Structures are given as C-alpha cells and as structure tokens.
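Shown below: work21.cif, with mmCIF, C-alpha atoms.
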```cif
data_entry
#
loop_
_atom_site.label_atom_id
_atom_site.label_comp_id
_atom_site.auth_asym_id
_atom_site.auth_seq_id
_atom_site.Cartn_x
_atom_site.Cartn_y
_atom_site.Cartn_z
CA MET A 835 -4.03 -73.20 -23.64
CA PRO A 836 -6.39 -70.89 -21.83
CA ASP A 837 -7.38 -71.42 -18.24
CA HIS A 838 -10.58 -73.43 -18.56
CA ALA A 839 -12.02 -72.07 -15.32
CA HIS A 840 -12.00 -68.41 -16.22
CA GLY A 841 -15.29 -66.59 -16.23
CA LYS A 842 -15.04 -64.80 -19.54
CA PHE A 843 -17.67 -65.56 -22.09
CA VAL A 844 -16.36 -67.81 -24.80
CA PRO A 845 -18.59 -68.46 -27.80
CA PRO A 846 -19.49 -72.11 -28.06
CA SER A 847 -16.94 -74.02 -29.97
CA PRO A 848 -18.02 -76.03 -32.95
CA ARG A 849 -20.52 -78.66 -32.17
CA GLY A 850 -19.41 -81.82 -30.46
CA GLY A 851 -19.20 -80.72 -26.80
CA PRO A 852 -21.41 -83.52 -25.51
CA ARG A 853 -19.58 -85.99 -27.70
CA ARG A 854 -16.26 -84.86 -26.30
CA LEU A 855 -17.69 -85.15 -22.79
CA TRP A 856 -18.85 -88.68 -23.49
CA LYS A 857 -15.45 -89.53 -25.00
CA ALA A 858 -13.72 -88.17 -21.93
CA PHE A 859 -16.10 -90.15 -19.77
CA THR A 860 -15.41 -93.40 -21.53
CA ALA A 861 -11.71 -92.82 -22.21
CA ARG A 862 -9.17 -95.24 -20.81
CA PRO A 863 -8.10 -94.14 -17.34
CA ASP A 864 -4.66 -92.64 -17.01
CA GLY A 865 -2.68 -91.07 -14.20
CA GLY A 866 -4.06 -87.60 -14.75
CA GLN A 867 -7.61 -88.83 -14.42
CA VAL A 868 -6.77 -90.45 -11.11
CA VAL A 869 -5.40 -87.16 -9.77
CA VAL A 870 -8.52 -85.36 -10.98
CA ALA A 871 -10.65 -88.06 -9.39
CA GLY A 872 -8.81 -87.58 -6.13
CA LEU A 873 -9.47 -83.84 -6.16
CA ILE A 874 -13.13 -84.31 -7.00
CA ALA A 875 -13.43 -86.93 -4.28
CA ALA A 876 -11.97 -84.36 -1.88
CA LEU A 877 -14.57 -81.88 -3.10
CA GLY A 878 -17.45 -84.32 -2.54
CA PHE A 879 -16.08 -85.26 0.85
CA GLY A 880 -15.65 -81.62 1.90
CA ALA A 881 -19.10 -80.66 0.65
CA VAL A 882 -20.80 -83.48 2.51
CA VAL A 883 -18.86 -82.80 5.70
CA GLN A 884 -19.72 -79.11 5.46
CA VAL A 885 -23.42 -79.82 4.88
CA ARG A 886 -23.54 -82.17 7.83
CA ALA A 887 -21.67 -79.73 10.05
CA ASP A 888 -24.11 -77.02 9.03
CA GLU A 889 -27.00 -79.26 9.95
CA SER A 890 -25.48 -80.18 13.29
CA ASP A 891 -24.66 -76.75 14.63
CA GLN A 892 -25.23 -73.29 13.25
CA LEU A 893 -23.49 -71.39 16.00
CA ALA A 894 -20.29 -73.43 15.88
CA GLN A 895 -19.82 -72.28 12.27
CA ALA A 896 -20.29 -68.64 13.00
CA ARG A 897 -17.49 -66.13 13.09
CA ARG A 898 -16.80 -63.99 16.08
CA SER A 899 -18.44 -60.94 14.50
CA GLU A 900 -21.48 -63.01 13.59
CA LEU A 901 -21.69 -64.36 17.10
CA VAL A 902 -21.48 -60.85 18.46
CA GLN A 903 -24.24 -59.83 16.08
CA ILE A 904 -26.42 -62.79 17.12
CA LEU A 905 -25.75 -62.04 20.78
CA SER A 906 -26.66 -58.39 20.42
CA ASP A 907 -29.81 -59.34 18.49
CA LEU A 908 -30.76 -61.70 21.27
CA ASN A 909 -30.04 -59.05 23.88
CA GLN A 910 -32.22 -56.53 22.08
CA ARG A 911 -34.99 -59.05 21.74
CA ASN A 912 -34.61 -59.97 25.37
CA SER A 913 -34.90 -56.38 26.52
CA ARG A 914 -37.91 -55.84 24.26
CA LEU A 915 -39.59 -58.88 25.75
CA GLU A 916 -38.68 -57.75 29.25
CA ASP A 917 -40.28 -54.40 28.52
CA GLU A 918 -43.36 -56.22 27.34
CA VAL A 919 -43.43 -58.34 30.48
CA ALA A 920 -43.18 -55.26 32.67
CA GLU A 921 -45.94 -53.57 30.70
CA LEU A 922 -48.24 -56.54 30.97
CA GLN A 923 -47.52 -56.92 34.67
CA ALA A 924 -48.36 -53.27 35.24
CA ALA A 925 -51.61 -53.73 33.34
CA ARG A 926 -52.36 -56.79 35.44
CA ARG A 927 -51.72 -54.91 38.68
CA GLU A 928 -53.92 -52.09 37.49
CA LEU A 929 -56.75 -54.42 36.63
CA GLN A 930 -56.41 -56.27 39.91
CA SER A 931 -56.47 -53.13 42.00
CA GLY A 932 -59.38 -51.86 39.92
CA ALA A 933 -61.28 -55.07 40.57
CA GLN A 934 -60.49 -54.84 44.29
CA THR A 935 -61.67 -51.25 44.47
CA GLU A 936 -64.84 -52.17 42.68
CA GLU A 937 -65.39 -55.13 44.99
CA ALA A 938 -64.86 -52.96 48.06
CA ALA A 939 -67.25 -50.34 46.74
CA LEU A 940 -69.82 -53.03 46.05
CA GLU A 941 -69.37 -54.47 49.54
CA GLN A 942 -69.72 -51.04 51.10
CA THR A 943 -72.83 -50.33 49.09
CA ALA A 944 -74.36 -53.64 50.08
CA THR A 945 -73.64 -52.99 53.75
CA ARG A 946 -75.11 -49.52 53.49
CA ALA A 947 -78.18 -50.92 51.72
CA ARG A 948 -78.70 -53.42 54.54
CA GLN A 949 -78.39 -50.69 57.17
CA LEU A 950 -80.79 -48.46 55.30
CA ALA A 951 -83.22 -51.33 54.83
CA ILE A 952 -83.33 -51.81 58.60
CA LEU A 953 -83.89 -48.11 59.21
CA ALA A 954 -86.54 -47.95 56.49
CA GLY A 955 -88.19 -51.06 57.87
CA THR A 956 -87.95 -53.07 54.66
CA ALA A 957 -85.77 -55.78 56.20
CA PRO A 958 -86.12 -57.83 59.38
CA ALA A 959 -83.79 -56.82 62.20
CA SER A 960 -82.53 -58.46 65.36
CA GLY A 961 -80.56 -57.30 68.35
CA PRO A 962 -80.92 -56.21 71.96
CA GLY A 963 -83.86 -54.07 72.94
CA VAL A 964 -87.03 -53.89 74.96
CA VAL A 965 -90.56 -55.24 74.70
CA VAL A 966 -93.13 -52.69 75.83
CA THR A 967 -96.47 -54.23 76.68
CA ILE A 968 -99.33 -51.76 77.04
CA ALA A 969 -102.19 -53.79 78.52
CA ASP A 970 -104.54 -50.84 79.01
CA PRO A 971 -107.66 -52.72 80.15
CA SER A 972 -109.44 -49.44 80.93
CA GLU A 973 -108.83 -48.12 77.41
CA ARG A 974 -107.14 -44.92 78.50
CA VAL A 975 -104.40 -45.10 75.89
CA GLN A 976 -105.19 -43.34 72.66
CA ALA A 977 -103.41 -43.07 69.34
CA ARG A 978 -101.57 -39.92 70.33
CA HIS A 979 -100.21 -41.70 73.41
CA VAL A 980 -98.89 -44.56 71.30
CA MET A 981 -97.41 -42.05 68.89
CA GLY A 982 -95.86 -40.31 71.84
CA VAL A 983 -94.19 -43.42 73.13
CA VAL A 984 -92.88 -44.21 69.65
CA GLN A 985 -91.42 -40.70 69.51
CA GLU A 986 -89.83 -41.19 72.90
CA LEU A 987 -88.36 -44.50 71.78
CA ARG A 988 -86.94 -42.83 68.71
CA VAL A 989 -85.39 -40.12 70.78
CA ALA A 990 -83.78 -42.83 72.91
CA GLY A 991 -82.21 -44.33 69.80
CA ALA A 992 -84.68 -47.00 68.73
CA GLU A 993 -83.54 -48.46 65.44
CA ALA A 994 -86.38 -50.82 64.59
CA ILE A 995 -89.90 -50.79 66.06
CA GLN A 996 -92.83 -53.07 65.46
CA LEU A 997 -96.27 -52.85 66.98
CA GLU A 998 -98.35 -55.95 67.57
CA GLY A 999 -101.92 -55.89 68.68
CA GLY A 1000 -104.16 -58.32 70.54
CA ASN A 1001 -105.74 -59.17 67.16
CA ASP A 1002 -102.33 -60.46 65.93
CA ASN A 1003 -101.96 -57.61 63.45
CA VAL A 1004 -98.36 -56.52 63.26
CA VAL A 1005 -97.03 -53.25 61.86
CA ARG A 1006 -93.41 -52.26 61.41
CA ILE A 1007 -93.17 -48.62 62.34
CA GLY A 1008 -91.49 -46.63 59.57
CA VAL A 1009 -90.77 -43.03 58.78
CA ASP A 1010 -94.21 -42.52 57.28
CA SER A 1011 -96.22 -44.42 59.87
CA TYR A 1012 -99.31 -42.73 61.15
CA PHE A 1013 -101.53 -43.34 64.18
CA LEU A 1014 -105.28 -42.81 64.17
CA ASP A 1015 -108.20 -43.93 66.32
CA PRO A 1016 -111.31 -42.91 64.40
CA ASP A 1017 -113.71 -45.32 66.17
CA GLY A 1018 -111.79 -45.87 69.34
CA VAL A 1019 -109.73 -48.55 67.60
CA LEU A 1020 -106.08 -47.77 67.09
CA THR A 1021 -105.22 -47.79 63.39
CA VAL A 1022 -101.58 -47.72 62.35
CA ASP A 1023 -100.89 -47.27 58.66
CA GLY A 1024 -104.44 -48.34 57.99
CA VAL A 1025 -104.14 -51.56 60.00
CA PRO A 1026 -106.41 -51.85 63.04
CA ILE A 1027 -104.52 -52.81 66.20
CA THR A 1028 -106.42 -53.88 69.30
CA ARG A 1029 -105.28 -53.93 72.91
CA PRO A 1030 -102.98 -55.05 74.40
CA TYR A 1031 -100.31 -53.31 72.37
CA VAL A 1032 -96.89 -54.94 72.27
CA LEU A 1033 -94.04 -52.82 71.01
CA THR A 1034 -90.85 -54.69 70.11
CA VAL A 1035 -88.01 -52.19 69.97
CA ILE A 1036 -84.37 -52.73 69.06
CA GLY A 1037 -81.89 -50.30 70.52
CA ASP A 1038 -79.98 -49.68 73.76
CA PRO A 1039 -82.21 -51.54 76.28
CA SER A 1040 -81.58 -49.36 79.32
CA ALA A 1041 -81.98 -46.11 77.39
CA LEU A 1042 -85.23 -47.35 75.86
CA ASN A 1043 -86.47 -48.55 79.23
CA ALA A 1044 -85.80 -45.20 80.82
CA SER A 1045 -87.36 -43.28 77.97
CA VAL A 1046 -90.65 -45.13 78.32
CA LEU A 1047 -91.01 -45.17 82.08
CA PHE A 1048 -89.21 -42.15 83.44
CA LEU A 1049 -88.25 -39.46 81.02
CA GLY A 1050 -90.97 -38.90 78.53
CA GLY A 1051 -94.31 -40.38 77.71
CA SER A 1052 -97.62 -39.56 79.16
CA LYS A 1053 -99.04 -40.58 82.46
CA GLU A 1054 -101.32 -43.07 80.74
CA ILE A 1055 -98.41 -44.84 79.14
CA GLN A 1056 -96.36 -44.82 82.31
CA ASP A 1057 -99.26 -46.32 84.19
CA GLU A 1058 -100.14 -49.00 81.74
CA SER A 1059 -96.76 -50.05 80.34
CA LEU A 1060 -94.70 -53.05 81.25
CA VAL A 1061 -91.14 -52.91 79.87
CA GLU A 1062 -88.88 -55.93 79.62
CA GLU A 1063 -85.28 -55.73 78.50
CA HIS A 1064 -84.03 -58.49 76.19
CA GLU A 1065 -80.59 -59.39 74.92
CA ASP A 1066 -81.83 -60.68 71.59
CA LEU A 1067 -85.04 -59.59 69.97
CA LEU A 1068 -86.37 -60.16 66.51
CA VAL A 1069 -88.33 -57.56 64.57
CA ASP A 1070 -89.62 -59.55 61.66
CA ALA A 1071 -92.50 -57.43 60.34
CA VAL A 1072 -91.42 -55.57 57.21
CA ARG A 1073 -92.73 -52.64 55.23
CA GLU A 1074 -93.12 -52.64 51.49
CA PRO A 1075 -90.62 -50.25 50.00
CA GLU A 1076 -92.48 -47.38 48.34
CA ARG A 1077 -91.29 -45.34 45.45
CA PRO A 1078 -91.58 -41.68 46.20
CA GLU A 1079 -94.06 -40.20 43.78
CA TYR A 1080 -92.89 -36.58 43.80
CA ALA A 1081 -89.54 -36.46 45.48
CA ARG A 1082 -86.49 -37.11 43.33
CA PRO A 1083 -82.91 -37.37 44.47
CA ALA A 1084 -81.45 -33.86 44.34
CA PRO A 1085 -78.40 -33.44 42.13
CA ASP A 1086 -75.15 -33.91 44.00
CA ASP A 1087 -73.40 -30.82 42.71
CA ASN A 1088 -74.61 -27.62 44.24
CA MET B 253 -15.30 -92.20 -15.53
CA ILE B 254 -12.69 -92.28 -12.80
CA PRO B 255 -13.50 -88.69 -11.66
CA ALA B 256 -17.20 -89.56 -11.45
CA ILE B 257 -16.37 -92.60 -9.37
CA GLY B 258 -14.11 -90.37 -7.28
CA LEU B 259 -17.00 -87.99 -6.64
CA LEU B 260 -19.25 -90.83 -5.51
CA LEU B 261 -16.47 -92.24 -3.32
CA GLY B 262 -15.92 -88.84 -1.70
CA ILE B 263 -19.60 -88.36 -0.98
CA ALA B 264 -19.84 -91.89 0.41
CA ALA B 265 -16.82 -91.33 2.62
CA GLY B 266 -18.24 -88.05 3.87
CA LEU B 267 -21.54 -89.71 4.68
CA MET B 268 -20.10 -92.75 6.38
CA LEU B 269 -17.24 -91.25 8.34
CA ASP B 270 -18.39 -89.01 11.13
CA VAL B 271 -15.85 -86.27 10.62
CA GLN B 272 -15.90 -83.13 12.68
CA VAL B 273 -14.56 -80.06 10.91
CA PRO B 274 -11.62 -78.72 12.92
CA LEU B 275 -12.46 -75.41 14.52
CA THR B 276 -9.70 -73.51 12.74
CA LEU B 277 -10.91 -74.72 9.35
CA GLN B 278 -14.56 -74.05 9.93
CA PRO B 279 -14.74 -70.59 8.31
CA TYR B 280 -12.79 -71.75 5.25
CA LEU B 281 -14.38 -75.06 4.33
CA PRO B 282 -17.57 -73.59 2.77
CA ILE B 283 -15.55 -71.17 0.70
CA ALA B 284 -13.15 -73.90 -0.33
CA VAL B 285 -16.05 -76.12 -1.38
CA VAL B 286 -17.55 -73.37 -3.52
CA ALA B 287 -14.15 -72.60 -5.09
CA ALA B 288 -13.68 -76.29 -5.90
CA LEU B 289 -17.15 -76.42 -7.42
CA ASP B 290 -16.20 -73.52 -9.63
CA ALA B 291 -13.07 -75.36 -10.75
CA VAL B 292 -15.05 -78.54 -11.47
CA PHE B 293 -17.66 -76.75 -13.57
CA GLY B 294 -14.84 -75.00 -15.39
CA GLY B 295 -13.26 -78.38 -16.01
CA VAL B 296 -16.46 -79.86 -17.43
CA ARG B 297 -16.80 -76.89 -19.70
CA ALA B 298 -13.19 -77.27 -20.81
CA VAL B 299 -13.86 -80.91 -21.66
CA MET B 300 -16.77 -79.85 -23.82
CA ASP B 301 -14.73 -77.12 -25.45
CA GLY B 302 -12.07 -79.69 -26.15
CA VAL B 303 -9.41 -77.80 -24.25
CA PHE B 304 -9.26 -79.87 -21.08
CA ASP B 305 -5.90 -80.54 -19.56
CA ASP B 306 -5.18 -82.53 -16.41
CA LYS B 307 -2.41 -80.29 -15.15
CA VAL B 308 -4.35 -77.11 -15.70
CA PHE B 309 -7.33 -78.56 -13.90
CA VAL B 310 -5.29 -79.70 -10.92
CA ILE B 311 -3.48 -76.40 -10.63
CA SER B 312 -6.63 -74.34 -11.04
CA PHE B 313 -8.51 -76.51 -8.56
CA ILE B 314 -5.86 -76.27 -5.87
CA SER B 315 -5.11 -72.60 -6.46
CA ASN B 316 -8.81 -71.74 -6.47
CA VAL B 317 -9.30 -73.43 -3.13
CA LEU B 318 -6.17 -71.99 -1.59
CA ILE B 319 -6.74 -68.44 -2.82
CA ALA B 320 -10.36 -68.44 -1.71
CA ALA B 321 -9.40 -69.72 1.71
CA PHE B 322 -6.54 -67.28 1.92
CA ILE B 323 -8.74 -64.31 1.05
CA VAL B 324 -11.18 -65.29 3.75
CA PHE B 325 -8.33 -65.83 6.21
CA LEU B 326 -6.98 -62.40 5.36
CA GLY B 327 -10.45 -60.92 5.80
CA ASP B 328 -10.76 -62.55 9.19
CA GLN B 329 -7.44 -61.09 10.24
CA LEU B 330 -8.54 -57.64 9.05
CA GLY B 331 -11.91 -57.93 10.73
CA VAL B 332 -13.89 -58.03 7.50
CA GLY B 333 -14.08 -61.81 7.18
CA ALA B 334 -17.84 -61.97 6.80
CA GLN B 335 -17.90 -59.34 4.07
CA LEU B 336 -14.94 -60.80 2.19
CA SER B 337 -16.34 -64.31 2.27
CA THR B 338 -19.59 -62.90 0.87
CA ALA B 339 -17.59 -61.20 -1.88
CA VAL B 340 -15.72 -64.42 -2.72
CA ILE B 341 -18.98 -66.38 -2.81
CA VAL B 342 -20.51 -63.80 -5.14
CA VAL B 343 -17.56 -63.88 -7.54
CA LEU B 344 -17.39 -67.68 -7.55
CA GLY B 345 -21.15 -67.85 -8.00
CA ILE B 346 -20.97 -65.63 -11.07
CA ARG B 347 -18.20 -67.80 -12.51
CA ILE B 348 -20.18 -70.97 -11.85
CA PHE B 349 -23.17 -69.46 -13.63
CA THR B 350 -21.04 -68.51 -16.61
CA ASN B 351 -19.49 -71.97 -16.85
CA VAL B 352 -22.85 -73.68 -16.50
CA ALA B 353 -24.24 -71.39 -19.20
CA ASN B 354 -21.45 -72.60 -21.51
CA ILE B 355 -22.14 -76.22 -20.68
CA ARG B 356 -25.80 -75.58 -21.38
CA ARG B 357 -25.00 -74.18 -24.81
CA HIS B 358 -23.07 -77.33 -25.61
CA LEU B 359 -25.79 -79.63 -24.38
CA PHE B 360 -28.89 -77.89 -25.70
CA HIS B 361 -27.43 -75.59 -28.34
CA ALA B 362 -29.27 -72.78 -26.68
#
```
What would you get if you wrote out this structure as structure tokens?
Amino acid sequence: MPDHAHGKFVPPSPRGGPRRLWKAFTARPDGGQVVVAGLIAALGFGAVVQVRADESDQLAQARRSELVQILSDLNQRNSRLEDEVAELQAARRELQSGAQTEEAALEQTATRARQLAILAGTAPASGPGVVVTIADPSERVQARHVMGVVQELRVAGAEAIQLEGGNDNVVRIGVDSYFLDPDGVLTVDGVPITRPYVLTVIGDPSALNASVLFLGGSKEIQDESLVEEHEDLLVDAVREPERPEYARPAPDDN
Amino acid sequence: MIPAIGLLLGIAAGLMLDVQVPLTLQPYLPIAVVAALDAVFGGVRAVMDGVFDDKVFVISFISNVLIAAFIVFLGDQLGVGAQLSTAVIVVLGIRIFTNVANIRRHLFHA
C-alpha cells in the first residue's frame, strides 16, 4: 500500500471517491478511527493554540535571528528619524535666527526713521532746550538776523527748531527753510511771522544759550533776545515731507 | 465521523483552555501544525482513492510532525532555522496543494 500522503501525482482512481469518503464518514467507529480522531483533535488543538499565540504576541514567537533583524531594523529607523529630527531642528534654528535678524533690522530702521524724521522736521520732538523770545519792539531785527540766529543755534547743536510769531503762525525750521522780509514782514517758508518771534529750540540748553547771547549772533539779536532754558520742551509744528524732484539716491556701489 | 468530531473537540478545547505555548516549543508548533495538515489532507485523499489505512495514517502523521519539527530544530542549532522552516513550509505547502488537487478531481471530476 503506498503512502497516502506522498506528493506524487496519482491519476484519479475510478469514480467513487466521494462515495468512499461518505462511506468512511458513516462507517461504524472502530479503534483505528479513535486513534485518528485523537491525532486530528491534537492538530485542531495545536492550530488553534498557535493562532491565538500569534495573535497575542508576535515578538514572543520570533527566533533569535529574527529578533536581531527586527532590532537592527528598529535601530536603523531610529537613527534615520534622529537624523530627521536634527535636520528639522537645524532648520528651525535657522528660521528663528533669520526672523530675529529681520526683526532687529526692522527695529533699527524704524529707530533711524524716527531720528531722521525729527531732523527733517516731519515729526514732533520733545526734550531739553531753550526758548528764545525776540520782542524787538523797535523793529530792528530783520530776516537775515533771524537766519543768523538759526545758524548759530544749529552750530550749537540744535536738533529741532520752530519759530512762532505774534500772529500765532508757527513754522518748523527745516533744511530748506528760507527767510525773507519783502515788505518788512518776516516770511519763513512763505508764512508771514510777526513780532515778537519765539524760537523753541531742542538741544543742549547751556550751549544754545551761549550761542545766542555771547558767541555769535548780531548785536540786534543780542539786544532784543530773551533766552530761557527748559528741561522739557515740545516742538510740535511739523513740515510736510517733500519728494525731491530732481535728486535721486546715488547708487551705493562706487 | 469520529475524526470529524475529534477535530471539533480539539478546536473547542483550544478555544476554551487558555494554553500558553511553552517557550521551547514555540518555533516548532507552526511547522508541526502545517505538517499535520499535510498528513490530514493526504489521509482524506487516500480515503477517496480507497487506499486509506489507519496505521499508515497514524505513522505518517506522527512522522511528518516529528521530522518537520526535527528539521527546524536542526536548522536552529545550525543557525539557519528561519531559512529551513521556510523550506519545510514550502515543501509541505506544495504537498498540500497536490493532495487538495487530487481531492478536487474526485469531488468535481475536474
């Protein structure tokens, strides 16, 4: 009798296989069948136990070599992910420092713009300084004298100057301010200013004081001026910023 | 009939009893199960061919299981356990396919 479990191809025997199977299924039990049943029960039991063990824990089933393989896979993955983390952290640092640099540059630019606005006269300014009152009841002071005192104040470090007249007209003195007196009335930047003239000047008070009364200036100014030093002055007249019509910023590279 | 009842009993026992596979047997149980499956399909085919014999089935079942487990054990000792168990599974799988193909011919004449 050939081994029934061998793998060689055997042509189908004459018909009746299913019938024989059914006969075997319904045959009266004997001892041999019980032994076979025991073996098959062991198979079912083992299969179920194995399936359940597989479900419960994959790693517990693995061989040492497989575990080593899994471990090395995990290690590789871990190092890859660590590399990625380091990369992303570097990118984050870069972006942060970039943002900080940009912020600092912006801050610096804003500060510089504020300083320039004060110097250009387009923003109000406050600080210590002097108030020069030129009463001039005898009308000796002319435009050139006022221009002279403004020049002297600038030499002494005046940072913001405004000129107020008796007619309440106020002019912030800027880089392009001009002084005229066509009809005996002082005109600054086209605005008529009547006596008494009050100059509010922000700068070093003692230096400004000295520049008006002692160092420079004409005799008329020195005679007619009254200078008061103040700890906190406000220059609130502003000039309209003007776009230069002809001048363009020169290229940086020479 | 009795073997079919035995199969059901075994499955029921496996489901109901919470058995942990001993650690030393863990690599061999899957192989043993596949080897036993091969023997069972061979047995069914033998019944259909009309050549079934209790003793042959019992011996082939037990020897299949033992040899499969032994080959894997040997492979583990030699450090090629994973590869050898794959080889055993492949061979047993081919045999199962062949046996099932025979059973199919009996059942469907095709």
Run through the PyMOL selection byres ((chain B) within 6 of (chain A)) on the given coordinates and return the selected residues as a count of residues only. 19
For the point (-99.5, -43.9, 55.6) in the file's frame, write as an mmCIF file with C-alpha atoms, keeping the file's coordinate frame all residues with an atom no more than 10 Å away, counting only C-alpha atoms.
```cif
data_model
loop_
_atom_site.group_PDB
_atom_site.id
_atom_site.type_symbol
_atom_site.label_atom_id
_atom_site.label_comp_id
_atom_site.auth_asym_id
_atom_site.auth_seq_id
_atom_site.Cartn_x
_atom_site.Cartn_y
_atom_site.Cartn_z
ATOM 1 C CA GLY A 1008 -91.490 -46.630 59.570
ATOM 2 C CA VAL A 1009 -90.770 -43.030 58.780
ATOM 3 C CA ASP A 1010 -94.210 -42.520 57.280
ATOM 4 C CA SER A 1011 -96.220 -44.420 59.870
ATOM 5 C CA TYR A 1012 -99.310 -42.730 61.150
ATOM 6 C CA PHE A 1013 -101.530 -43.340 64.180
ATOM 7 C CA VAL A 1022 -101.580 -47.720 62.350
ATOM 8 C CA ASP A 1023 -100.890 -47.270 58.660
ATOM 9 C CA GLY A 1024 -104.440 -48.340 57.990
ATOM 10 C CA VAL A 1025 -104.140 -51.560 60.000
#
```
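Close contacts of range 1070-1086 of chain A, defined as residues with an atom at most 7 Å away when counting all atoms listed in the file, with chain neighbours fewer than 6 positions off set aside, comprise Gly955, Thr956, Ala957, Pro958, Ala959, Gln996, Val1004, Val1005 and Arg1006 of chain A.
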Among the residues B:Tyr280, B:Phe349, B:Phe360, B:Phe293, the one that comes closest to Phe313 in chain B [using all atoms listed in the file]: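 Among the listed residues, B:Phe293 lies closest to Phe313 in chain B.
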Axis-aligned box for range 293-298 of chain B, 6 Å per side, centre and edges in Å as AutoDock Vina command-line options:
```
--center_x -15.4 --center_y -77.4 --center_z -17.2 --size_x 16.5 --size_y 16.9 --size_z 19.2
```
How many Å separate CA of Val342 in chain B from CA of Ala287 in chain B?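 Distance reported for this atom pair: 10.9 Å.
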Determine the residue membership of the PyMOL selection byres ((chain B and resi 344) around 10) for the file above and supply it as a PyMOL selection string. (chain A and resi 841) or (chain B and resi 283+286-291+316+320+338-343+345-350)
Please produce a file of the residues just selected, as a PDB file, in the frame of the given file, where the atoms kept are C-alpha atoms.
```
ATOM      1  CA  GLY A 841     -15.290 -66.590 -16.230  1.00  0.00           C
TER       2      GLY A 841
ATOM      3  CA  ILE B 283     -15.550 -71.170   0.700  1.00  0.00           C
ATOM      4  CA  VAL B 286     -17.550 -73.370  -3.520  1.00  0.00           C
ATOM      5  CA  ALA B 287     -14.150 -72.600  -5.090  1.00  0.00           C
ATOM      6  CA  ALA B 288     -13.680 -76.290  -5.900  1.00  0.00           C
ATOM      7  CA  LEU B 289     -17.150 -76.420  -7.420  1.00  0.00           C
ATOM      8  CA  ASP B 290     -16.200 -73.520  -9.630  1.00  0.00           C
ATOM      9  CA  ALA B 291     -13.070 -75.360 -10.750  1.00  0.00           C
ATOM     10  CA  ASN B 316      -8.810 -71.740  -6.470  1.00  0.00           C
ATOM     11  CA  ALA B 320     -10.360 -68.440  -1.710  1.00  0.00           C
ATOM     12  CA  THR B 338     -19.590 -62.900   0.870  1.00  0.00           C
ATOM     13  CA  ALA B 339     -17.590 -61.200  -1.880  1.00  0.00           C
ATOM     14  CA  VAL B 340     -15.720 -64.420  -2.720  1.00  0.00           C
ATOM     15  CA  ILE B 341     -18.980 -66.380  -2.810  1.00  0.00           C
ATOM     16  CA  VAL B 342     -20.510 -63.800  -5.140  1.00  0.00           C
ATOM     17  CA  VAL B 343     -17.560 -63.880  -7.540  1.00  0.00           C
ATOM     18  CA  GLY B 345     -21.150 -67.850  -8.000  1.00  0.00           C
ATOM     19  CA  ILE B 346     -20.970 -65.630 -11.070  1.00  0.00           C
ATOM     20  CA  ARG B 347     -18.200 -67.800 -12.510  1.00  0.00           C
ATOM     21  CA  ILE B 348     -20.180 -70.970 -11.850  1.00  0.00           C
ATOM     22  CA  PHE B 349     -23.170 -69.460 -13.630  1.00  0.00           C
ATOM     23  CA  THR B 350     -21.040 -68.510 -16.610  1.00  0.00           C
TER      24      THR B 350
END
```
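Reported to one decimal place, the separation of CA of Pro279 in chain B from CA of Leu901 in chain A is 12.8 Å.
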